[in-house]
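Contents: one structure, followed by commentary.
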Amino acid sequence: MKHCSEPRACATQTSPHTLTLGGAWTARGLGGCADQLDALQADRSAPVQVDASGIAQLDTAGAWVLHKLRTRLGGPGAEAPLQGLHPDFERLLQAVTTHVQAQALVPAVPARTPPQLLERVGRQAGAAWEQFFAMLGFVGECALAFANCVIHPSRMRWRPILFNIRRAGFDALPIVGLLSLLLGIVVAYQGADQLRQYGANIFVADLVGLSMLREFAPLITAITIAGRSGSAFAAQIGTMAVTEEIDAMRTLGIAPLELLVIPKVIALVIAMPLLTVFADVLGVAGGMLMAQTQLAVSYTEFLDRMAKAVSVTSYMVGIAKAPVFAIIISLVGCFQGFRTRGGADSVGLQTTRSVVQSIFLVIVADALFSIAFSILDL
């Protein structure tokens, strides 16, 4: 008989009907025995005699492997006979066998079926309502924090406000200016053919002036800031939430809303109207450039006509939208940042949501402004 050397487990098949086990049948000792056990072949014409007297050590892992080996060699509904196993190991093997057989009787958990259309719609609607009420609660908390800062001016964080004005306002001038200039060119170019047909070239100033100052300049500025600064707000706060910096602030007695949200809202409320004025100038400049090129309308004629066509009220209507858009973008960005949970994936997901929701709410607010101004005849 061939004996196995300790401490590793081994199985030696001396004949098709004789198997000798030895060594340490433990989690550590079974490491190199898997291939050896898989290679064992059983002759189904006669039961395999398993000599386990050489097993020196046995734990639950080894007992489980031994049970699986007996089951495989014994065939369906039977186990290969085991001889010479130490009584203590026999009790452990019996306990493991009883547990495995009990687990086999537990009914399998049915596979979860994919949700149907109505279920998906219901879940999404429920999530939307939950997020809507959470957003309302966040706005209320921010209003209380702002009121507290107004009552106690010493709590106002002026340095973060100035920093955010530079990051969200001054640094955004190139992209806002370029997009506004191109938008003014597009508006004038699209209207040039129609105006030329009716010999009304000079009315391109009406078209560019009213459309840019009332609608397009505030809207393109808000969309640009939502994608640029709103996403940055969400990513910054989301990263701080993941790294538990916000929890550390609360532990130190620092109000996160006063430090992270209020300065961003105030900074964007200051910066957005200024950016809108800048977008107005560049948008009109683009329209003037295209009017002179396509319709032979000089800069002087364009400005004279626009001064008559665009009233101060129309100009202020566009400027008045900017603070509202700024509040929407900053609050949505900060709100989504605070809802970040988990790791980097959640930061990216909430940042995307902040951009999508900000642009959606800005367009909804712009539509409501149009309805309100129509009712007020402005």
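Chains: A, B, ... in order of the structure tokens. Residues: from 1 per chain. Ligands: from 1, in order shown.
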Where does DSSP see alpha helix (DSSP H) in range 250-336 of chain A, if you list the residues as a PyMOL selection string? chain A and resi 250-251+256+262-295+299-309+312-336
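By only C-alpha atoms, and with residues fewer than 4 positions from Leu349 in chain A along its chain excluded, the set lying at most 12 Å from it is Ser231, Ala234, Ala235, Gly238, Thr239, Gln336, Gly337, Arg339, Thr340, Arg341, Gly342, Gly343, Ala344, Asp345, Arg353, Ser354, Val355 and Val356 of chain A.
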Go through range 284-372 of chain A and flag each residue having an atom no more than 10 Å from range 203-215 of chain A; for those, report the closest pair of atoms plus their distance in Å to one decimal, using only C-alpha atoms, ordered by chain and rising number, as JSON lines.
```
{"residue": "A:Val284", "atom": "CA", "partner": "A:Gly209", "partner_atom": "CA", "distance": 6.4}
{"residue": "A:Ala285", "atom": "CA", "partner": "A:Val208", "partner_atom": "CA", "distance": 9.6}
{"residue": "A:Gly286", "atom": "CA", "partner": "A:Val208", "partner_atom": "CA", "distance": 9.1}
{"residue": "A:Gly287", "atom": "CA", "partner": "A:Val208", "partner_atom": "CA", "distance": 6.0}
{"residue": "A:Met288", "atom": "CA", "partner": "A:Ala205", "partner_atom": "CA", "distance": 7.7}
{"residue": "A:Met290", "atom": "CA", "partner": "A:Val204", "partner_atom": "CA", "distance": 9.6}
{"residue": "A:Ala291", "atom": "CA", "partner": "A:Val204", "partner_atom": "CA", "distance": 6.8}
{"residue": "A:Leu295", "atom": "CA", "partner": "A:Val204", "partner_atom": "CA", "distance": 8.5}
{"residue": "A:Val297", "atom": "CA", "partner": "A:Val204", "partner_atom": "CA", "distance": 8.6}
{"residue": "A:Tyr299", "atom": "CA", "partner": "A:Ala205", "partner_atom": "CA", "distance": 9.9}
{"residue": "A:Glu301", "atom": "CA", "partner": "A:Ala205", "partner_atom": "CA", "distance": 8.6}
{"residue": "A:Phe302", "atom": "CA", "partner": "A:Ala205", "partner_atom": "CA", "distance": 5.5}
{"residue": "A:Leu303", "atom": "CA", "partner": "A:Ala205", "partner_atom": "CA", "distance": 7.4}
{"residue": "A:Asp304", "atom": "CA", "partner": "A:Ala205", "partner_atom": "CA", "distance": 8.7}
{"residue": "A:Arg305", "atom": "CA", "partner": "A:Ala205", "partner_atom": "CA", "distance": 6.1}
{"residue": "A:Met306", "atom": "CA", "partner": "A:Ala205", "partner_atom": "CA", "distance": 5.1}
{"residue": "A:Ala307", "atom": "CA", "partner": "A:Gly209", "partner_atom": "CA", "distance": 8.8}
{"residue": "A:Lys308", "atom": "CA", "partner": "A:Asp206", "partner_atom": "CA", "distance": 8.7}
{"residue": "A:Ala309", "atom": "CA", "partner": "A:Asp206", "partner_atom": "CA", "distance": 5.6}
{"residue": "A:Val310", "atom": "CA", "partner": "A:Leu210", "partner_atom": "CA", "distance": 6.1}
{"residue": "A:Ser311", "atom": "CA", "partner": "A:Leu210", "partner_atom": "CA", "distance": 8.9}
{"residue": "A:Thr313", "atom": "CA", "partner": "A:Arg214", "partner_atom": "CA", "distance": 9.4}
{"residue": "A:Ser314", "atom": "CA", "partner": "A:Arg214", "partner_atom": "CA", "distance": 5.9}
{"residue": "A:Tyr315", "atom": "CA", "partner": "A:Leu213", "partner_atom": "CA", "distance": 5.6}
{"residue": "A:Met316", "atom": "CA", "partner": "A:Arg214", "partner_atom": "CA", "distance": 8.0}
{"residue": "A:Val317", "atom": "CA", "partner": "A:Arg214", "partner_atom": "CA", "distance": 6.1}
{"residue": "A:Gly318", "atom": "CA", "partner": "A:Arg214", "partner_atom": "CA", "distance": 4.3}
{"residue": "A:Ile319", "atom": "CA", "partner": "A:Arg214", "partner_atom": "CA", "distance": 7.9}
{"residue": "A:Ala320", "atom": "CA", "partner": "A:Arg214", "partner_atom": "CA", "distance": 9.6}
{"residue": "A:Lys321", "atom": "CA", "partner": "A:Arg214", "partner_atom": "CA", "distance": 9.0}
{"residue": "A:Asp366", "atom": "CA", "partner": "A:Glu215", "partner_atom": "CA", "distance": 8.2}
{"residue": "A:Ser370", "atom": "CA", "partner": "A:Glu215", "partner_atom": "CA", "distance": 9.2}
```
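Once range 164-167 of chain A and its same-chain neighbours fewer than 4 positions away are set aside, Arg159, Pro160, Asp171, Ala172, Ser229, Pro263, Lys264, Ile266, Ala267, Leu268, Ile270 and Ala271 of chain A remain within 9 Å of it when counting only C-alpha atoms.
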Long-range neighbours of range 129-141 of chain A as JSON, numbers by chain, 9 Å cut-off, only C-alpha atoms, 3 positions minimum in chain: {"A": [124, 125, 126, 144, 145, 146, 257, 331, 332, 335]}
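Considering only C-alpha atoms, the residue among A:Leu82, A:Ala188, A:Val269, A:Leu282 positioned nearest to Ile175 in chain A is A:Leu282.
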Mind the document's chain letters and residue numbers, and return as number ranges by chain the residues of range 25-262 of chain A that DSSP labels strand (DSSP E). A: 25, 49-58, 82-83
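Residues surrounding range 99-115 of chain A within 12 Å are Thr60, Ala63, Trp64, Val65, His67, Lys68, Thr71, Gly77, Leu92, Leu93, Gln94, Ala95, Val96, Leu118, Glu119, Arg120, Val121, Gly122, Arg123 and Gln124 of chain A [only C-alpha atoms; sequence separation below 3 positions excluded].
Taking CA of Trp158 in chain A as the reference point, CA of Thr221 in chain A is found at 24.4 Å.
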